[in-house]
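Below is one structure, written out as structure tokens; comments come after it.
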Amino acid sequence: MAGVGSAALSGAGTPVAGPTGRDLFAEGLLEFLRPAVQQLDSHVHAVRESQVELREQIDNLATELCRINEDQKVALDLDPYVKKLLNARRRVVLVNNILQNAQERLRRLNHSVAKETARRRAMLDSGVYPPGSPSK
């Protein structure tokens, strides 16, 4: 019985190059992580959309508070509240930028995983292995 990573035998008894245990493990790991990466990417995208909505609502509220403040005959001091809203908006924008950077890194990782998986599949399908591969 052939061990993991050894060459298989054809019907004629000649060795046939096959995937090594390491290659199989790497491909399995990539396939295992792919759904988690894709799910995380979709969640980050949803959070970014909600952050944009929140920023727009904060902008609308700040504009409305400024308008109310200008229209009031009695002097209401709404400036501290407007400043708090603008500070909250700034934090929302900061979090959105962080999420955008994380999503971009995640997208690049997902692309690299897909590229590496395709490369390994092509190598397995063609039977061509890099020099020094134990499957030769």
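Convention: chains lettered A, B, ... in structure tokens order; per-chain residue numbering from 1; ligands numbered from 1 as shown.
Excluding stretch 87-93 of chain A itself and same-chain residues fewer than 3 positions from it, the residues having an atom within 8 Å of it are Gln51, Leu54, Arg55, Ile58, Asp59, Lys83, Lys84, Asn96 and Asn97 of chain A, counting only C-alpha atoms.
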Any idea what's packed within 10 Å of stretch 27-42 of chain A, counting only C-alpha atoms, ignoring anything in its chain fewer than 2 positions away? Could you give it as a PDB file with all heavy atoms, in the first residue's frame?
ATOM      1  N   GLY A  21       0.869  14.608  -0.112  1.00  0.00           N
ATOM      2  CA  GLY A  21       0.016  14.855   1.049  1.00  0.00           C
ATOM      3  C   GLY A  21      -0.023  16.326   1.406  1.00  0.00           C
ATOM      4  O   GLY A  21      -1.055  16.860   1.788  1.00  0.00           O
ATOM      5  N   ARG A  22       1.105  16.989   1.225  1.00  0.00           N
ATOM      6  CA  ARG A  22       1.178  18.420   1.524  1.00  0.00           C
ATOM      7  C   ARG A  22       0.297  19.220   0.569  1.00  0.00           C
ATOM      8  O   ARG A  22      -0.397  20.140   0.972  1.00  0.00           O
ATOM      9  CB  ARG A  22       2.620  18.894   1.462  1.00  0.00           C
ATOM     10  CG  ARG A  22       2.804  20.320   1.957  1.00  0.00           C
ATOM     11  CD  ARG A  22       4.234  20.702   2.013  1.00  0.00           C
ATOM     12  NE  ARG A  22       4.654  21.023   0.659  1.00  0.00           N
ATOM     13  CZ  ARG A  22       5.889  21.271   0.296  1.00  0.00           C
ATOM     14  NH1 ARG A  22       6.851  21.221   1.177  1.00  0.00           N
ATOM     15  NH2 ARG A  22       6.178  21.563  -0.947  1.00  0.00           N
ATOM     16  N   ASP A  23       0.323  18.854  -0.719  1.00  0.00           N
ATOM     17  CA  ASP A  23      -0.521  19.538  -1.704  1.00  0.00           C
ATOM     18  C   ASP A  23      -2.001  19.325  -1.388  1.00  0.00           C
ATOM     19  O   ASP A  23      -2.808  20.254  -1.469  1.00  0.00           O
ATOM     20  CB  ASP A  23      -0.226  19.044  -3.122  1.00  0.00           C
ATOM     21  CG  ASP A  23       1.135  19.508  -3.627  1.00  0.00           C
ATOM     22  OD1 ASP A  23       1.668  20.490  -3.072  1.00  0.00           O
ATOM     23  OD2 ASP A  23       1.644  18.884  -4.567  1.00  0.00           O
ATOM     24  N   LEU A  24      -2.337  18.093  -1.052  1.00  0.00           N
ATOM     25  CA  LEU A  24      -3.737  17.800  -0.710  1.00  0.00           C
ATOM     26  C   LEU A  24      -4.166  18.565   0.534  1.00  0.00           C
ATOM     27  O   LEU A  24      -5.285  19.083   0.604  1.00  0.00           O
ATOM     28  CB  LEU A  24      -3.925  16.297  -0.513  1.00  0.00           C
ATOM     29  CG  LEU A  24      -3.824  15.447  -1.776  1.00  0.00           C
ATOM     30  CD1 LEU A  24      -3.874  13.968  -1.423  1.00  0.00           C
ATOM     31  CD2 LEU A  24      -4.913  15.809  -2.761  1.00  0.00           C
ATOM     32  N   PHE A  25      -3.288  18.622   1.521  1.00  0.00           N
ATOM     33  CA  PHE A  25      -3.602  19.364   2.743  1.00  0.00           C
ATOM     34  C   PHE A  25      -3.791  20.842   2.450  1.00  0.00           C
ATOM     35  O   PHE A  25      -4.739  21.469   2.921  1.00  0.00           O
ATOM     36  CB  PHE A  25      -2.489  19.171   3.781  1.00  0.00           C
ATOM     37  CG  PHE A  25      -2.705  19.977   5.029  1.00  0.00           C
ATOM     38  CD1 PHE A  25      -3.664  19.593   5.955  1.00  0.00           C
ATOM     39  CD2 PHE A  25      -1.969  21.134   5.269  1.00  0.00           C
ATOM     40  CE1 PHE A  25      -3.876  20.343   7.102  1.00  0.00           C
ATOM     41  CE2 PHE A  25      -2.179  21.885   6.410  1.00  0.00           C
ATOM     42  CZ  PHE A  25      -3.134  21.483   7.324  1.00  0.00           C
ATOM     43  N   VAL A  44     -18.657  42.387   6.136  1.00  0.00           N
ATOM     44  CA  VAL A  44     -17.961  43.683   6.127  1.00  0.00           C
ATOM     45  C   VAL A  44     -18.644  44.625   5.147  1.00  0.00           C
ATOM     46  O   VAL A  44     -18.832  45.811   5.438  1.00  0.00           O
ATOM     47  CB  VAL A  44     -16.463  43.496   5.782  1.00  0.00           C
ATOM     48  CG1 VAL A  44     -15.793  44.822   5.468  1.00  0.00           C
ATOM     49  CG2 VAL A  44     -15.741  42.811   6.932  1.00  0.00           C
ATOM     50  N   HIS A  45     -19.046  44.090   3.997  1.00  0.00           N
ATOM     51  CA  HIS A  45     -19.739  44.919   3.003  1.00  0.00           C
ATOM     52  C   HIS A  45     -21.053  45.463   3.584  1.00  0.00           C
ATOM     53  O   HIS A  45     -21.365  46.648   3.419  1.00  0.00           O
ATOM     54  CB  HIS A  45     -20.005  44.094   1.744  1.00  0.00           C
ATOM     55  CG  HIS A  45     -20.640  44.871   0.645  1.00  0.00           C
ATOM     56  ND1 HIS A  45     -19.962  45.848  -0.057  1.00  0.00           N
ATOM     57  CD2 HIS A  45     -21.895  44.840   0.143  1.00  0.00           C
ATOM     58  CE1 HIS A  45     -20.776  46.373  -0.954  1.00  0.00           C
ATOM     59  NE2 HIS A  45     -21.949  45.787  -0.854  1.00  0.00           N
ATOM     60  N   ALA A  46     -21.808  44.611   4.282  1.00  0.00           N
ATOM     61  CA  ALA A  46     -23.072  45.049   4.887  1.00  0.00           C
ATOM     62  C   ALA A  46     -22.835  46.117   5.960  1.00  0.00           C
ATOM     63  O   ALA A  46     -23.587  47.098   6.048  1.00  0.00           O
ATOM     64  CB  ALA A  46     -23.808  43.854   5.487  1.00  0.00           C
ATOM     65  N   VAL A  47     -21.801  45.950   6.757  1.00  0.00           N
ATOM     66  CA  VAL A  47     -21.482  46.937   7.798  1.00  0.00           C
ATOM     67  C   VAL A  47     -21.092  48.264   7.157  1.00  0.00           C
ATOM     68  O   VAL A  47     -21.507  49.333   7.610  1.00  0.00           O
ATOM     69  CB  VAL A  47     -20.374  46.409   8.732  1.00  0.00           C
ATOM     70  CG1 VAL A  47     -19.842  47.515   9.623  1.00  0.00           C
ATOM     71  CG2 VAL A  47     -20.895  45.265   9.578  1.00  0.00           C
ATOM     72  N   ARG A  48     -20.316  48.198   6.080  1.00  0.00           N
ATOM     73  CA  ARG A  48     -19.920  49.437   5.402  1.00  0.00           C
ATOM     74  C   ARG A  48     -21.144  50.173   4.860  1.00  0.00           C
ATOM     75  O   ARG A  48     -21.220  51.397   4.939  1.00  0.00           O
ATOM     76  CB  ARG A  48     -18.935  49.136   4.271  1.00  0.00           C
ATOM     77  CG  ARG A  48     -17.550  48.803   4.798  1.00  0.00           C
ATOM     78  CD  ARG A  48     -16.530  48.638   3.712  1.00  0.00           C
ATOM     79  NE  ARG A  48     -16.471  49.811   2.879  1.00  0.00           N
ATOM     80  CZ  ARG A  48     -16.184  49.777   1.592  1.00  0.00           C
ATOM     81  NH1 ARG A  48     -15.957  48.645   0.988  1.00  0.00           N
ATOM     82  NH2 ARG A  48     -16.129  50.886   0.895  1.00  0.00           N
ATOM     83  N   ALA A 102      -9.798  46.778   5.676  1.00  0.00           N
ATOM     84  CA  ALA A 102      -9.869  45.357   6.017  1.00  0.00           C
ATOM     85  C   ALA A 102     -10.532  44.569   4.896  1.00  0.00           C
ATOM     86  O   ALA A 102     -10.087  43.466   4.556  1.00  0.00           O
ATOM     87  CB  ALA A 102     -10.635  45.168   7.327  1.00  0.00           C
ATOM     88  N   GLN A 103     -11.580  45.130   4.316  1.00  0.00           N
ATOM     89  CA  GLN A 103     -12.262  44.437   3.227  1.00  0.00           C
ATOM     90  C   GLN A 103     -11.355  44.311   2.008  1.00  0.00           C
ATOM     91  O   GLN A 103     -11.343  43.284   1.332  1.00  0.00           O
ATOM     92  CB  GLN A 103     -13.556  45.151   2.853  1.00  0.00           C
ATOM     93  CG  GLN A 103     -14.378  44.374   1.838  1.00  0.00           C
ATOM     94  CD  GLN A 103     -15.673  45.058   1.509  1.00  0.00           C
ATOM     95  OE1 GLN A 103     -15.766  46.270   1.528  1.00  0.00           O
ATOM     96  NE2 GLN A 103     -16.681  44.267   1.199  1.00  0.00           N
ATOM     97  N   GLU A 104     -10.574  45.327   1.732  1.00  0.00           N
ATOM     98  CA  GLU A 104      -9.656  45.261   0.598  1.00  0.00           C
ATOM     99  C   GLU A 104      -8.595  44.187   0.833  1.00  0.00           C
ATOM    100  O   GLU A 104      -8.260  43.423  -0.072  1.00  0.00           O
ATOM    101  CB  GLU A 104      -9.001  46.628   0.365  1.00  0.00           C
ATOM    102  CG  GLU A 104      -8.032  46.668  -0.780  1.00  0.00           C
ATOM    103  CD  GLU A 104      -8.628  46.273  -2.120  1.00  0.00           C
ATOM    104  OE1 GLU A 104      -9.845  46.425  -2.328  1.00  0.00           O
ATOM    105  OE2 GLU A 104      -7.864  45.788  -2.977  1.00  0.00           O
ATOM    106  N   ARG A 105      -8.065  44.109   2.061  1.00  0.00           N
ATOM    107  CA  ARG A 105      -7.094  43.052   2.374  1.00  0.00           C
ATOM    108  C   ARG A 105      -7.741  41.681   2.244  1.00  0.00           C
ATOM    109  O   ARG A 105      -7.135  40.737   1.728  1.00  0.00           O
ATOM    110  CB  ARG A 105      -6.534  43.242   3.780  1.00  0.00           C
ATOM    111  CG  ARG A 105      -5.545  44.376   3.884  1.00  0.00           C
ATOM    112  CD  ARG A 105      -4.772  44.356   5.186  1.00  0.00           C
ATOM    113  NE  ARG A 105      -5.597  44.356   6.358  1.00  0.00           N
ATOM    114  CZ  ARG A 105      -5.932  45.436   7.069  1.00  0.00           C
ATOM    115  NH1 ARG A 105      -5.498  46.619   6.694  1.00  0.00           N
ATOM    116  NH2 ARG A 105      -6.680  45.339   8.132  1.00  0.00           N
ATOM    117  N   LEU A 106      -8.978  41.563   2.704  1.00  0.00           N
ATOM    118  CA  LEU A 106      -9.716  40.309   2.606  1.00  0.00           C
ATOM    119  C   LEU A 106      -9.959  39.935   1.143  1.00  0.00           C
ATOM    120  O   LEU A 106      -9.821  38.777   0.750  1.00  0.00           O
ATOM    121  CB  LEU A 106     -11.046  40.439   3.352  1.00  0.00           C
ATOM    122  CG  LEU A 106     -11.872  39.194   3.541  1.00  0.00           C
ATOM    123  CD1 LEU A 106     -11.086  38.140   4.313  1.00  0.00           C
ATOM    124  CD2 LEU A 106     -13.146  39.533   4.290  1.00  0.00           C
ATOM    125  N   ARG A 107     -10.291  40.927   0.317  1.00  0.00           N
ATOM    126  CA  ARG A 107     -10.515  40.673  -1.108  1.00  0.00           C
ATOM    127  C   ARG A 107      -9.227  40.177  -1.760  1.00  0.00           C
ATOM    128  O   ARG A 107      -9.236  39.224  -2.545  1.00  0.00           O
ATOM    129  CB  ARG A 107     -11.006  41.945  -1.804  1.00  0.00           C
ATOM    130  CG  ARG A 107     -11.425  41.713  -3.263  1.00  0.00           C
ATOM    131  CD  ARG A 107     -11.514  43.010  -4.035  1.00  0.00           C
ATOM    132  NE  ARG A 107     -10.254  43.731  -4.120  1.00  0.00           N
ATOM    133  CZ  ARG A 107      -9.222  43.382  -4.906  1.00  0.00           C
ATOM    134  NH1 ARG A 107      -9.294  42.329  -5.670  1.00  0.00           N
ATOM    135  NH2 ARG A 107      -8.118  44.103  -4.920  1.00  0.00           N
ATOM    136  N   LEU A 109      -6.732  38.658  -0.248  1.00  0.00           N
ATOM    137  CA  LEU A 109      -6.472  37.319   0.278  1.00  0.00           C
ATOM    138  C   LEU A 109      -7.335  36.295  -0.456  1.00  0.00           C
ATOM    139  O   LEU A 109      -6.847  35.240  -0.862  1.00  0.00           O
ATOM    140  CB  LEU A 109      -6.752  37.276   1.782  1.00  0.00           C
ATOM    141  CG  LEU A 109      -6.636  35.906   2.436  1.00  0.00           C
ATOM    142  CD1 LEU A 109      -5.201  35.413   2.370  1.00  0.00           C
ATOM    143  CD2 LEU A 109      -7.122  35.965   3.872  1.00  0.00           C
ATOM    144  N   ASN A 110      -8.599  36.608  -0.638  1.00  0.00           N
ATOM    145  CA  ASN A 110      -9.502  35.706  -1.333  1.00  0.00           C
ATOM    146  C   ASN A 110      -9.028  35.485  -2.769  1.00  0.00           C
ATOM    147  O   ASN A 110      -9.045  34.364  -3.276  1.00  0.00           O
ATOM    148  CB  ASN A 110     -10.920  36.272  -1.308  1.00  0.00           C
ATOM    149  CG  ASN A 110     -11.957  35.254  -1.694  1.00  0.00           C
ATOM    150  OD1 ASN A 110     -11.739  34.060  -1.606  1.00  0.00           O
ATOM    151  ND2 ASN A 110     -13.103  35.730  -2.128  1.00  0.00           N
ATOM    152  N   VAL A 113      -6.008  33.197  -2.688  1.00  0.00           N
ATOM    153  CA  VAL A 113      -6.419  31.819  -2.419  1.00  0.00           C
ATOM    154  C   VAL A 113      -6.988  31.190  -3.690  1.00  0.00           C
ATOM    155  O   VAL A 113      -6.645  30.058  -4.050  1.00  0.00           O
ATOM    156  CB  VAL A 113      -7.455  31.767  -1.269  1.00  0.00           C
ATOM    157  CG1 VAL A 113      -8.154  30.429  -1.203  1.00  0.00           C
ATOM    158  CG2 VAL A 113      -6.776  32.078   0.059  1.00  0.00           C
ATOM    159  N   ALA A 114      -7.846  31.921  -4.390  1.00  0.00           N
ATOM    160  CA  ALA A 114      -8.436  31.399  -5.625  1.00  0.00           C
ATOM    161  C   ALA A 114      -7.354  31.155  -6.673  1.00  0.00           C
ATOM    162  O   ALA A 114      -7.368  30.141  -7.377  1.00  0.00           O
ATOM    163  CB  ALA A 114      -9.488  32.370  -6.148  1.00  0.00           C
ATOM    164  N   GLU A 116      -4.104  30.574  -6.166  1.00  0.00           N
ATOM    165  CA  GLU A 116      -3.268  29.444  -5.753  1.00  0.00           C
ATOM    166  C   GLU A 116      -4.007  28.132  -5.953  1.00  0.00           C
ATOM    167  O   GLU A 116      -3.424  27.141  -6.406  1.00  0.00           O
ATOM    168  CB  GLU A 116      -2.840  29.606  -4.292  1.00  0.00           C
ATOM    169  CG  GLU A 116      -1.965  28.493  -3.773  1.00  0.00           C
ATOM    170  CD  GLU A 116      -0.601  28.410  -4.439  1.00  0.00           C
ATOM    171  OE1 GLU A 116      -0.168  29.367  -5.096  1.00  0.00           O
ATOM    172  OE2 GLU A 116       0.047  27.345  -4.308  1.00  0.00           O
ATOM    173  N   THR A 117      -5.278  28.092  -5.646  1.00  0.00           N
ATOM    174  CA  THR A 117      -6.071  26.879  -5.850  1.00  0.00           C
ATOM    175  C   THR A 117      -6.129  26.518  -7.327  1.00  0.00           C
ATOM    176  O   THR A 117      -5.960  25.356  -7.697  1.00  0.00           O
ATOM    177  CB  THR A 117      -7.500  27.072  -5.289  1.00  0.00           C
ATOM    178  OG1 THR A 117      -7.405  27.367  -3.896  1.00  0.00           O
ATOM    179  CG2 THR A 117      -8.335  25.827  -5.471  1.00  0.00           C
ATOM    180  N   ALA A 118      -6.350  27.509  -8.181  1.00  0.00           N
ATOM    181  CA  ALA A 118      -6.391  27.258  -9.622  1.00  0.00           C
ATOM    182  C   ALA A 118      -5.037  26.764 -10.122  1.00  0.00           C
ATOM    183  O   ALA A 118      -4.962  25.842 -10.950  1.00  0.00           O
ATOM    184  CB  ALA A 118      -6.808  28.527 -10.361  1.00  0.00           C
ATOM    185  N   ARG A 120      -2.752  25.139  -8.393  1.00  0.00           N
ATOM    186  CA  ARG A 120      -2.538  23.762  -7.913  1.00  0.00           C
ATOM    187  C   ARG A 120      -3.399  22.766  -8.688  1.00  0.00           C
ATOM    188  O   ARG A 120      -2.946  21.669  -8.997  1.00  0.00           O
ATOM    189  CB  ARG A 120      -2.809  23.671  -6.421  1.00  0.00           C
ATOM    190  CG  ARG A 120      -1.713  24.317  -5.600  1.00  0.00           C
ATOM    191  CD  ARG A 120      -1.987  24.195  -4.115  1.00  0.00           C
ATOM    192  NE  ARG A 120      -0.966  24.852  -3.355  1.00  0.00           N
ATOM    193  CZ  ARG A 120       0.106  24.244  -2.860  1.00  0.00           C
ATOM    194  NH1 ARG A 120       0.282  22.962  -3.074  1.00  0.00           N
ATOM    195  NH2 ARG A 120       0.988  24.916  -2.161  1.00  0.00           N
ATOM    196  N   ARG A 121      -4.630  23.161  -8.980  1.00  0.00           N
ATOM    197  CA  ARG A 121      -5.494  22.266  -9.759  1.00  0.00           C
ATOM    198  C   ARG A 121      -4.915  22.038 -11.151  1.00  0.00           C
ATOM    199  O   ARG A 121      -4.935  20.925 -11.664  1.00  0.00           O
ATOM    200  CB  ARG A 121      -6.895  22.859  -9.876  1.00  0.00           C
ATOM    201  CG  ARG A 121      -7.731  22.568  -8.676  1.00  0.00           C
ATOM    202  CD  ARG A 121      -9.219  22.642  -8.984  1.00  0.00           C
ATOM    203  NE  ARG A 121      -9.946  22.383  -7.757  1.00  0.00           N
ATOM    204  CZ  ARG A 121     -10.671  23.266  -7.115  1.00  0.00           C
ATOM    205  NH1 ARG A 121     -10.828  24.466  -7.604  1.00  0.00           N
ATOM    206  NH2 ARG A 121     -11.291  22.939  -6.004  1.00  0.00           N
TER     207      ARG A 121
END
Just the residues within 10 Å of stretch 78-80 of chain A, please, counting only C-alpha atoms, with nothing from its chain fewer than 5 positions along; format it as JSON, numbers by chain.
{"A": [62, 65, 66, 68, 69, 70, 85, 86]}
Apply DSSP to the structure's backbone, then extract all residues of stretch 50-132 of chain A labelled alpha helix (DSSP H) and return them as number ranges by chain.
A: 50-71, 79-126
Please, could you write that set of residues out with C-alpha atoms as a PDB file, in the first residue's frame?
ATOM      1  CA  SER A  50     -24.908  50.665   7.196  1.00  0.00           C
ATOM      2  CA  GLN A  51     -22.030  52.991   8.132  1.00  0.00           C
ATOM      3  CA  VAL A  52     -22.700  55.058   4.996  1.00  0.00           C
ATOM      4  CA  GLU A  53     -26.414  55.230   5.883  1.00  0.00           C
ATOM      5  CA  LEU A  54     -25.591  56.263   9.440  1.00  0.00           C
ATOM      6  CA  ARG A  55     -23.228  58.975   8.205  1.00  0.00           C
ATOM      7  CA  GLU A  56     -25.939  60.334   5.916  1.00  0.00           C
ATOM      8  CA  GLN A  57     -28.476  60.354   8.761  1.00  0.00           C
ATOM      9  CA  ILE A  58     -26.025  62.186  11.023  1.00  0.00           C
ATOM     10  CA  ASP A  59     -25.434  64.776   8.296  1.00  0.00           C
ATOM     11  CA  ASN A  60     -29.189  65.255   7.838  1.00  0.00           C
ATOM     12  CA  LEU A  61     -29.754  65.595  11.585  1.00  0.00           C
ATOM     13  CA  ALA A  62     -26.923  68.100  11.970  1.00  0.00           C
ATOM     14  CA  THR A  63     -28.313  70.170   9.099  1.00  0.00           C
ATOM     15  CA  GLU A  64     -31.800  70.062  10.606  1.00  0.00           C
ATOM     16  CA  LEU A  65     -30.506  71.092  14.035  1.00  0.00           C
ATOM     17  CA  CYS A  66     -28.667  74.046  12.504  1.00  0.00           C
ATOM     18  CA  ARG A  67     -31.824  75.072  10.651  1.00  0.00           C
ATOM     19  CA  ILE A  68     -33.933  74.792  13.819  1.00  0.00           C
ATOM     20  CA  ASN A  69     -31.362  76.797  15.737  1.00  0.00           C
ATOM     21  CA  GLU A  70     -31.495  79.581  13.128  1.00  0.00           C
ATOM     22  CA  ASP A  71     -35.324  79.606  13.002  1.00  0.00           C
ATOM     23  CA  ASP A  79     -24.142  73.976  19.099  1.00  0.00           C
ATOM     24  CA  PRO A  80     -22.883  71.380  21.622  1.00  0.00           C
ATOM     25  CA  TYR A  81     -25.290  68.818  20.140  1.00  0.00           C
ATOM     26  CA  VAL A  82     -24.248  69.645  16.607  1.00  0.00           C
ATOM     27  CA  LYS A  83     -20.606  69.263  17.650  1.00  0.00           C
ATOM     28  CA  LYS A  84     -21.389  65.881  19.229  1.00  0.00           C
ATOM     29  CA  LEU A  85     -23.115  64.778  16.029  1.00  0.00           C
ATOM     30  CA  LEU A  86     -20.196  65.903  13.914  1.00  0.00           C
ATOM     31  CA  ASN A  87     -17.799  64.088  16.250  1.00  0.00           C
ATOM     32  CA  ALA A  88     -19.918  60.938  15.942  1.00  0.00           C
ATOM     33  CA  ARG A  89     -19.898  61.355  12.162  1.00  0.00           C
ATOM     34  CA  ARG A  90     -16.106  61.650  12.200  1.00  0.00           C
ATOM     35  CA  ARG A  91     -15.854  58.396  14.172  1.00  0.00           C
ATOM     36  CA  VAL A  92     -18.249  56.676  11.768  1.00  0.00           C
ATOM     37  CA  VAL A  93     -16.101  57.783   8.832  1.00  0.00           C
ATOM     38  CA  LEU A  94     -12.980  56.519  10.634  1.00  0.00           C
ATOM     39  CA  VAL A  95     -14.548  53.110  11.307  1.00  0.00           C
ATOM     40  CA  ASN A  96     -15.751  52.964   7.714  1.00  0.00           C
ATOM     41  CA  ASN A  97     -12.204  53.615   6.462  1.00  0.00           C
ATOM     42  CA  ILE A  98     -10.853  50.864   8.713  1.00  0.00           C
ATOM     43  CA  LEU A  99     -13.512  48.461   7.441  1.00  0.00           C
ATOM     44  CA  GLN A 100     -12.784  49.436   3.851  1.00  0.00           C
ATOM     45  CA  ASN A 101      -9.077  48.681   4.328  1.00  0.00           C
ATOM     46  CA  ALA A 102      -9.869  45.357   6.017  1.00  0.00           C
ATOM     47  CA  GLN A 103     -12.262  44.437   3.227  1.00  0.00           C
ATOM     48  CA  GLU A 104      -9.656  45.261   0.598  1.00  0.00           C
ATOM     49  CA  ARG A 105      -7.094  43.052   2.374  1.00  0.00           C
ATOM     50  CA  LEU A 106      -9.716  40.309   2.606  1.00  0.00           C
ATOM     51  CA  ARG A 107     -10.515  40.673  -1.108  1.00  0.00           C
ATOM     52  CA  ARG A 108      -6.814  40.384  -1.977  1.00  0.00           C
ATOM     53  CA  LEU A 109      -6.472  37.319   0.278  1.00  0.00           C
ATOM     54  CA  ASN A 110      -9.502  35.706  -1.333  1.00  0.00           C
ATOM     55  CA  HIS A 111      -8.062  36.446  -4.783  1.00  0.00           C
ATOM     56  CA  SER A 112      -4.709  34.927  -3.782  1.00  0.00           C
ATOM     57  CA  VAL A 113      -6.419  31.819  -2.419  1.00  0.00           C
ATOM     58  CA  ALA A 114      -8.436  31.399  -5.625  1.00  0.00           C
ATOM     59  CA  LYS A 115      -5.324  31.944  -7.761  1.00  0.00           C
ATOM     60  CA  GLU A 116      -3.268  29.444  -5.753  1.00  0.00           C
ATOM     61  CA  THR A 117      -6.071  26.879  -5.850  1.00  0.00           C
ATOM     62  CA  ALA A 118      -6.391  27.258  -9.622  1.00  0.00           C
ATOM     63  CA  ARG A 119      -2.628  26.931 -10.016  1.00  0.00           C
ATOM     64  CA  ARG A 120      -2.538  23.762  -7.913  1.00  0.00           C
ATOM     65  CA  ARG A 121      -5.494  22.266  -9.759  1.00  0.00           C
ATOM     66  CA  ALA A 122      -3.815  22.992 -13.087  1.00  0.00           C
ATOM     67  CA  MET A 123      -0.638  21.326 -11.843  1.00  0.00           C
ATOM     68  CA  LEU A 124      -2.579  18.296 -10.628  1.00  0.00           C
ATOM     69  CA  ASP A 125      -4.548  18.021 -13.863  1.00  0.00           C
ATOM     70  CA  SER A 126      -1.476  18.329 -16.073  1.00  0.00           C
TER      71      SER A 126
END
